[in-house]
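Visitor: Hey, dropping target24.cif in here, mmCIF, C-alpha atoms:
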```cif
data_input
loop_
_atom_site.label_atom_id
_atom_site.label_comp_id
_atom_site.auth_asym_id
_atom_site.auth_seq_id
_atom_site.Cartn_x
_atom_site.Cartn_y
_atom_site.Cartn_z
CA MET A 1 26.88 -16.39 26.09
CA GLU A 2 26.53 -19.81 27.65
CA ILE A 3 25.51 -22.71 25.46
CA SER A 4 23.49 -25.58 26.79
CA VAL A 5 22.22 -28.56 24.86
CA LYS A 6 19.53 -30.76 26.38
CA LYS A 7 18.57 -34.11 24.92
CA ILE A 8 14.84 -34.66 24.75
CA PRO A 9 12.66 -37.71 23.95
CA ALA A 10 11.90 -38.32 20.26
CA GLU A 11 8.18 -37.56 20.73
CA GLU A 12 8.87 -33.96 21.90
CA PRO A 13 9.39 -31.26 19.24
CA GLU A 14 12.94 -29.90 18.89
CA VAL A 15 13.27 -26.26 20.03
CA LEU A 16 16.14 -23.84 19.80
CA GLU A 17 15.69 -21.05 22.31
CA ILE A 18 18.02 -18.08 22.52
CA ARG A 19 17.80 -16.17 25.78
CA CYS A 20 19.51 -12.81 25.38
CA HIS A 21 19.41 -9.30 26.89
CA LYS A 22 19.25 -7.61 23.52
CA LEU A 23 18.80 -8.67 19.89
CA THR A 24 22.36 -7.88 18.75
CA ASP A 25 23.88 -8.47 15.30
CA ASP A 26 25.54 -11.63 16.62
CA VAL A 27 22.19 -13.01 17.76
CA THR A 28 20.59 -12.06 14.44
CA GLU A 29 23.40 -13.87 12.65
CA ILE A 30 22.84 -17.02 14.71
CA ILE A 31 19.11 -16.87 13.91
CA SER A 32 19.88 -16.39 10.20
CA PHE A 33 22.21 -19.37 10.26
CA VAL A 34 19.65 -21.63 11.92
CA LYS A 35 16.91 -20.50 9.51
CA SER A 36 19.17 -21.09 6.53
CA ARG A 37 19.75 -24.64 7.78
CA GLN A 38 15.96 -24.98 7.76
CA GLY A 39 15.78 -23.70 4.21
CA ARG A 40 14.77 -20.09 4.92
CA LEU A 41 16.57 -16.76 5.02
CA SER A 42 15.70 -13.84 7.30
CA THR A 43 15.48 -10.67 5.24
CA GLU A 44 14.36 -7.08 5.38
CA CYS A 45 12.38 -5.15 2.81
CA ASP A 46 11.22 -1.56 3.46
CA GLY A 47 11.95 -2.05 7.16
CA ARG A 48 9.76 -5.17 7.37
CA LYS A 49 11.23 -8.54 8.27
CA ARG A 50 10.39 -11.50 6.08
CA GLU A 51 11.49 -15.05 5.70
CA ILE A 52 12.29 -16.16 2.20
CA PRO A 53 12.60 -19.83 1.22
CA ILE A 54 16.11 -20.44 -0.13
CA VAL A 55 14.69 -22.24 -3.17
CA ASP A 56 13.06 -18.94 -4.21
CA VAL A 57 16.36 -17.04 -4.26
CA TYR A 58 17.74 -16.38 -7.73
CA TYR A 59 21.01 -14.78 -6.67
CA ALA A 60 22.68 -12.82 -3.91
CA GLU A 61 24.75 -9.72 -4.54
CA SER A 62 27.02 -7.73 -2.30
CA VAL A 63 26.70 -3.98 -2.96
CA ASP A 64 28.68 -1.45 -0.89
CA ASN A 65 29.12 -3.92 1.98
CA ARG A 66 25.38 -4.70 2.04
CA LEU A 67 24.02 -8.02 0.92
CA PHE A 68 20.87 -8.33 -1.14
CA ILE A 69 19.06 -11.42 -2.29
CA TYR A 70 16.91 -11.41 -5.41
CA THR A 71 13.85 -13.53 -5.98
CA ALA A 72 11.87 -13.63 -9.24
CA LYS A 73 10.51 -10.10 -8.76
CA GLU A 74 11.71 -8.73 -5.40
CA SER A 75 14.96 -7.90 -3.66
CA TYR A 76 15.61 -8.11 0.07
CA GLU A 77 18.46 -7.13 2.31
CA VAL A 78 20.12 -9.84 4.38
CA ARG A 79 22.13 -9.01 7.50
CA LEU A 80 25.04 -11.21 6.54
CA ARG A 81 28.30 -10.99 4.64
CA LEU A 82 28.48 -12.74 1.28
CA TYR A 83 31.07 -15.23 2.48
CA GLU A 84 28.84 -16.09 5.47
CA LEU A 85 25.89 -16.70 3.18
CA GLU A 86 28.12 -18.73 0.87
CA GLU A 87 29.19 -20.84 3.82
CA MET A 88 25.55 -21.31 4.92
CA LEU A 89 24.50 -22.35 1.43
CA ARG A 90 27.39 -24.76 0.92
CA GLY A 91 26.04 -28.06 -0.37
CA ARG A 92 23.04 -26.37 -1.94
CA THR A 93 22.72 -25.21 -5.54
CA PHE A 94 24.51 -21.88 -5.10
CA LEU A 95 27.85 -20.93 -6.62
CA ARG A 96 30.03 -17.81 -6.64
CA VAL A 97 30.07 -16.48 -10.23
CA GLN A 98 31.52 -13.04 -9.55
CA LYS A 99 33.52 -11.59 -6.67
CA GLY A 100 30.26 -10.23 -5.23
CA VAL A 101 27.60 -12.57 -6.61
CA LEU A 102 26.28 -15.97 -5.53
CA LEU A 103 24.04 -17.56 -8.14
CA ASN A 104 21.40 -20.24 -7.72
CA LEU A 105 22.27 -22.64 -10.55
CA MET A 106 18.71 -24.02 -10.54
CA LYS A 107 17.45 -20.62 -11.70
CA ILE A 108 19.61 -20.49 -14.84
CA ARG A 109 17.66 -20.92 -18.05
CA SER A 110 20.70 -20.86 -20.35
CA ILE A 111 24.31 -19.74 -20.63
CA ARG A 112 25.83 -17.79 -23.48
CA PRO A 113 29.24 -16.22 -24.17
CA ALA A 114 29.83 -12.57 -23.28
CA LEU A 115 33.26 -11.86 -24.86
CA GLY A 116 36.67 -12.15 -23.26
CA GLY A 117 36.11 -15.53 -21.62
CA ARG A 118 33.07 -14.33 -19.67
CA TYR A 119 29.62 -15.83 -19.95
CA THR A 120 26.12 -14.55 -19.28
CA ALA A 121 23.57 -16.59 -17.36
CA LEU A 122 20.04 -15.91 -18.50
CA LEU A 123 17.77 -16.56 -15.53
CA ARG A 124 14.21 -17.86 -15.48
CA ASN A 125 12.92 -14.35 -14.69
CA GLU A 126 14.71 -12.98 -17.81
CA GLU A 127 17.39 -11.26 -15.72
CA GLU A 128 21.01 -11.68 -16.77
CA VAL A 129 23.99 -12.33 -14.52
CA VAL A 130 27.57 -12.16 -15.80
CA ILE A 131 29.78 -15.13 -14.99
CA SER A 132 33.29 -13.83 -14.52
CA ARG A 133 36.00 -15.75 -16.40
CA LYS A 134 37.70 -16.49 -13.08
CA TYR A 135 34.69 -18.60 -12.01
CA VAL A 136 33.88 -20.34 -15.31
CA ALA A 137 35.95 -23.44 -14.47
CA ASP A 138 34.21 -23.73 -11.06
CA LEU A 139 30.82 -23.42 -12.74
CA LYS A 140 31.62 -26.18 -15.22
CA LYS A 141 32.86 -28.40 -12.41
CA ALA A 142 29.72 -27.75 -10.35
CA LEU A 143 27.40 -28.44 -13.28
CA LYS A 144 29.24 -31.64 -14.10
CA GLY A 145 28.60 -32.80 -10.57
CA GLY A 146 31.95 -32.08 -8.93
CA GLU A 147 32.28 -30.08 -5.76
CA SER A 148 32.59 -26.35 -6.50
CA MET B 1 42.07 -17.86 -13.15
CA ARG B 2 44.51 -20.70 -12.70
CA ILE B 3 47.92 -20.62 -14.46
CA LYS B 4 47.07 -23.86 -16.31
CA GLU B 5 43.88 -22.33 -17.75
CA LYS B 6 45.69 -19.10 -18.66
CA LEU B 7 48.40 -21.05 -20.47
CA GLY B 8 45.73 -23.12 -22.23
CA GLU B 9 44.03 -19.92 -23.42
CA ALA B 10 47.35 -18.45 -24.54
CA PHE B 11 48.24 -21.57 -26.54
CA ARG B 12 44.82 -21.64 -28.18
CA LEU B 13 45.14 -17.98 -29.17
CA TYR B 14 48.71 -18.61 -30.37
CA PHE B 15 47.69 -21.29 -32.83
CA ILE B 16 44.69 -19.28 -34.02
CA LEU B 17 47.12 -16.41 -34.70
CA VAL B 18 49.66 -18.65 -36.46
CA THR B 19 46.95 -19.78 -38.88
CA LEU B 20 45.56 -16.30 -39.49
CA ILE B 21 49.02 -14.71 -39.87
CA THR B 22 50.06 -17.37 -42.40
CA VAL B 23 46.99 -16.45 -44.49
CA LEU B 24 47.71 -12.73 -44.01
CA LEU B 25 51.35 -13.12 -45.15
CA MET B 26 50.18 -14.96 -48.25
CA VAL B 27 47.62 -12.23 -49.08
CA LEU B 28 50.07 -9.36 -48.42
CA GLY B 29 52.84 -11.14 -50.36
CA LEU B 30 50.59 -11.71 -53.37
CA LEU B 31 49.45 -8.07 -53.27
CA PHE B 32 52.78 -6.29 -52.81
CA ASP B 33 55.66 -8.64 -53.54
CA SER B 34 54.39 -11.57 -55.59
CA ASP B 35 57.71 -12.25 -57.40
CA ARG B 36 59.78 -12.79 -54.29
CA THR B 37 60.85 -16.30 -53.29
CA PHE B 38 61.81 -17.45 -49.78
CA GLY B 39 63.81 -20.17 -48.13
CA TYR B 40 62.48 -22.56 -45.49
CA GLU B 41 63.20 -19.97 -42.78
CA ALA B 42 60.06 -18.13 -43.98
CA PHE B 43 57.97 -20.75 -42.16
CA VAL B 44 59.26 -19.32 -38.86
CA SER B 45 57.76 -15.83 -39.43
CA PRO B 46 54.12 -16.67 -38.50
CA LEU B 47 55.37 -18.42 -35.36
CA ILE B 48 57.31 -15.30 -34.29
CA TYR B 49 54.57 -12.80 -35.20
CA ALA B 50 51.95 -14.92 -33.37
CA ALA B 51 54.14 -14.96 -30.26
CA VAL B 52 54.40 -11.16 -30.47
CA GLY B 53 50.59 -10.97 -30.72
CA VAL B 54 49.91 -13.35 -27.83
CA ILE B 55 52.01 -11.49 -25.23
CA PRO B 56 49.92 -8.29 -24.88
CA VAL B 57 46.59 -10.11 -25.27
CA SER B 58 47.12 -13.08 -22.96
CA PHE B 59 49.51 -11.86 -20.34
CA PHE B 60 48.24 -8.30 -19.86
CA ASN B 61 44.72 -9.55 -19.32
CA PRO B 62 44.13 -9.60 -15.56
CA ASP B 63 41.20 -11.49 -14.02
CA LYS B 64 39.80 -8.33 -12.45
CA GLU B 65 36.08 -8.03 -13.17
CA ILE B 66 35.43 -5.16 -15.56
CA SER B 67 32.44 -3.72 -17.37
CA MET B 68 31.81 -4.34 -21.07
CA LYS B 69 32.91 -0.75 -21.84
CA LYS B 70 36.23 -1.26 -20.04
CA LEU B 71 36.66 -4.62 -21.78
CA VAL B 72 36.29 -2.94 -25.20
CA ILE B 73 38.81 -0.24 -24.15
CA ARG B 74 41.20 -2.97 -23.01
CA ARG B 75 40.82 -4.75 -26.37
CA ILE B 76 41.57 -1.49 -28.24
CA ILE B 77 44.72 -0.94 -26.13
CA GLN B 78 45.78 -4.53 -26.79
CA GLU B 79 45.24 -4.07 -30.53
CA LEU B 80 47.27 -0.86 -30.57
CA SER B 81 50.06 -2.60 -28.60
CA VAL B 82 50.16 -5.43 -31.14
CA GLU B 83 50.16 -2.92 -34.04
CA ALA B 84 53.06 -1.03 -32.43
CA LEU B 85 55.09 -4.21 -31.83
CA ILE B 86 54.51 -5.56 -35.36
CA LEU B 87 55.33 -2.20 -37.00
CA LEU B 88 58.48 -1.99 -34.87
CA ILE B 89 59.53 -5.37 -36.30
CA VAL B 90 58.51 -4.32 -39.83
CA PHE B 91 60.63 -1.16 -39.76
CA ASN B 92 63.65 -3.09 -38.45
CA ALA B 93 63.38 -6.15 -40.70
CA PRO B 94 65.77 -5.92 -43.70
CA ASN B 95 63.63 -8.07 -46.02
CA ILE B 96 60.37 -6.09 -45.62
CA PRO B 97 60.03 -3.08 -47.97
CA SER B 98 58.89 -0.72 -45.18
CA GLU B 99 59.77 2.33 -47.31
CA ARG B 100 56.61 1.61 -49.35
CA ILE B 101 53.68 3.22 -47.55
CA GLU B 102 51.14 0.82 -49.11
CA VAL B 103 53.05 -2.12 -47.61
CA VAL B 104 53.02 -0.54 -44.13
CA ILE B 105 49.29 0.30 -44.41
CA GLY B 106 48.61 -3.23 -45.72
CA ILE B 107 50.41 -4.77 -42.74
CA ALA B 108 48.65 -2.43 -40.25
CA VAL B 109 45.21 -3.25 -41.71
CA GLY B 110 46.14 -6.93 -41.87
CA VAL B 111 47.06 -6.94 -38.17
CA LEU B 112 43.69 -5.33 -37.35
CA VAL B 113 41.85 -7.92 -39.46
CA VAL B 114 43.76 -10.77 -37.79
CA PHE B 115 42.97 -9.27 -34.37
CA ILE B 116 39.24 -9.09 -35.15
CA LEU B 117 39.22 -12.58 -36.68
CA ALA B 118 41.04 -13.97 -33.62
CA ILE B 119 38.31 -12.50 -31.39
CA ALA B 120 35.66 -13.99 -33.70
CA VAL B 121 37.30 -17.45 -33.56
CA GLU B 122 37.55 -17.15 -29.75
CA TYR B 123 33.85 -16.27 -29.66
CA ILE B 124 33.00 -19.35 -31.73
CA PHE B 125 35.04 -21.44 -29.28
CA GLU B 126 33.15 -19.83 -26.36
CA LEU B 127 29.84 -20.59 -28.10
CA THR B 128 30.85 -24.25 -28.18
CA GLN B 129 31.77 -24.05 -24.49
CA ALA B 130 28.41 -22.41 -23.70
CA LYS B 131 26.58 -25.17 -25.58
CA GLU B 132 28.50 -27.78 -23.58
CA MET B 133 27.67 -25.96 -20.30
CA ASN B 134 23.98 -25.79 -21.25
CA GLY B 135 24.07 -29.57 -21.66
CA TYR B 136 25.63 -29.94 -18.20
CA LEU B 137 23.07 -27.47 -16.84
CA GLU B 138 20.22 -29.64 -18.10
CA GLU B 139 21.72 -32.68 -16.39
CA TYR B 140 22.32 -30.64 -13.22
CA ARG B 141 18.67 -29.53 -13.14
CA ASN B 142 17.51 -33.12 -13.51
CA ARG B 143 19.78 -34.23 -10.67
CA ASN B 144 18.65 -31.45 -8.31
CA LYS B 145 14.94 -31.13 -9.04
CA GLU B 146 13.27 -28.88 -6.47
#
```
Give the structure from this file in structure tokens form.

Guide:
Amino acid sequence: MEISVKKIPAEEPEVLEIRCHKLTDDVTEIISFVKSRQGRLSTECDGRKREIPIVDVYYAESVDNRLFIYTAKESYEVRLRLYELEEMLRGRTFLRVQKGVLLNLMKIRSIRPALGGRYTALLRNEEEVVISRKYVADLKKALKGGES
Amino acid sequence: MRIKEKLGEAFRLYFILVTLITVLLMVLGLLFDSDRTFGYEAFVSPLIYAAVGVIPVSFFNPDKEISMKKLVIRRIIQELSVEALILLIVFNAPNIPSERIEVVIGIAVGVLVVFILAIAVEYIFELTQAKEMNGYLEEYRNRNKE
């Protein structure tokens, strides 16, 4: 695929156009990346495509090589790998808290111990997400303002 | 989990165990052998028994994510390992009257009590940590208001 970048005057709106023969996974991934940079994620729910604002995402979980994002009440599938989503969301309020879970720290209501060095994050929608002991130090660092 | 954090956890558990084992030795001594006197070398015993207790709990505790059920099973296996190690020492130590069944049962129950108390103390420590993290969380939310 050729890439061309054209500079335009400031008064014209910026446009990203992808001209392709077929909407492949690679193209979908590029679209997802661009949308995530704009604060939205392309998702699927019951075969219907939807765009979800990143600020509405509570957490993302990888299950059997499929990635799901969870909002307050709904779950959606995202055509990405967890590490790709993690990379896209770098610099935002998301942090890996389990091998297969990315958590939006802004959605945590409180944290409590869960035995054996693990902790449980109680979310604003009353769901609970376990914070694996391996990631507790990273969580503390992120909350204190350091880079996770 | 980083080596530094693992060592930190192991040291914390070690000193919790030293304290609890010292109390346990006093209770067991008063119950079963209150007339005996010891030399200064007796102060070393809690340090040795605590080291024996720390090994199976801290170093056979991989970071692999497990369910609560598996965590409980792991804790039971760790407890049984500690019991086995301590009883092995008890039966080979010349100054412990291991021929008296009540002494052996007392030690076995004592080890179980110390194990449970160590978990309870760890939980209290984790509660403090959680409280600290909730404070940081509040500050984090204020810094990153949506």

Visitor: Compute the chain A side of the contact with chain B at 7 Å, counting all atoms listed in the file, and hand it back as an NGL selection string.

Guide: :A and (106 or 110-113 or 115 or 132 or 134 or 140 or 143-144)

Visitor: How many Å lie between CA of Ala10 (chain A) and CA of Gln38 (chain A), rounded to one decimal?

Guide: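 Those two atoms sit 18.7 Å apart.
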
Visitor: Give me, as a PDB file with C-alpha atoms, in the frame of the given file, all polymer residues having an atom no more than 12 Å from Val27 (chain A), counting only C-alpha atoms and skipping those fewer than 5 positions away in the same chain.

Guide:
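Listing of out22.pdb after writing:
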```pdb
ATOM      1  CA  MET A   1      26.880 -16.390  26.090  1.00  0.00           C
ATOM      2  CA  GLU A  17      15.690 -21.050  22.310  1.00  0.00           C
ATOM      3  CA  ILE A  18      18.020 -18.080  22.520  1.00  0.00           C
ATOM      4  CA  ARG A  19      17.800 -16.170  25.780  1.00  0.00           C
ATOM      5  CA  CYS A  20      19.510 -12.810  25.380  1.00  0.00           C
ATOM      6  CA  HIS A  21      19.410  -9.300  26.890  1.00  0.00           C
ATOM      7  CA  LYS A  22      19.250  -7.610  23.520  1.00  0.00           C
ATOM      8  CA  SER A  32      19.880 -16.390  10.200  1.00  0.00           C
ATOM      9  CA  PHE A  33      22.210 -19.370  10.260  1.00  0.00           C
ATOM     10  CA  VAL A  34      19.650 -21.630  11.920  1.00  0.00           C
ATOM     11  CA  ARG A  79      22.130  -9.010   7.500  1.00  0.00           C
ATOM     12  CA  LEU A  80      25.040 -11.210   6.540  1.00  0.00           C
TER      13      LEU A  80
END
```

Visitor: Just to confirm, what's the straight-line distance from CA of Ala121 (chain A) to CA of Leu82 (chain A) in Å (one decimal)?

Guide: 19.7 Å

Visitor: As a list of chain:residue names, please: the residues near Leu103 (chain A) (cut-off 8 Å, all atoms listed in the file, same-chain neighbours under 4 positions excluded).

Guide: A:Tyr58, A:Tyr59, A:Ala60, A:Phe94, A:Leu95, A:Arg96, A:Val97
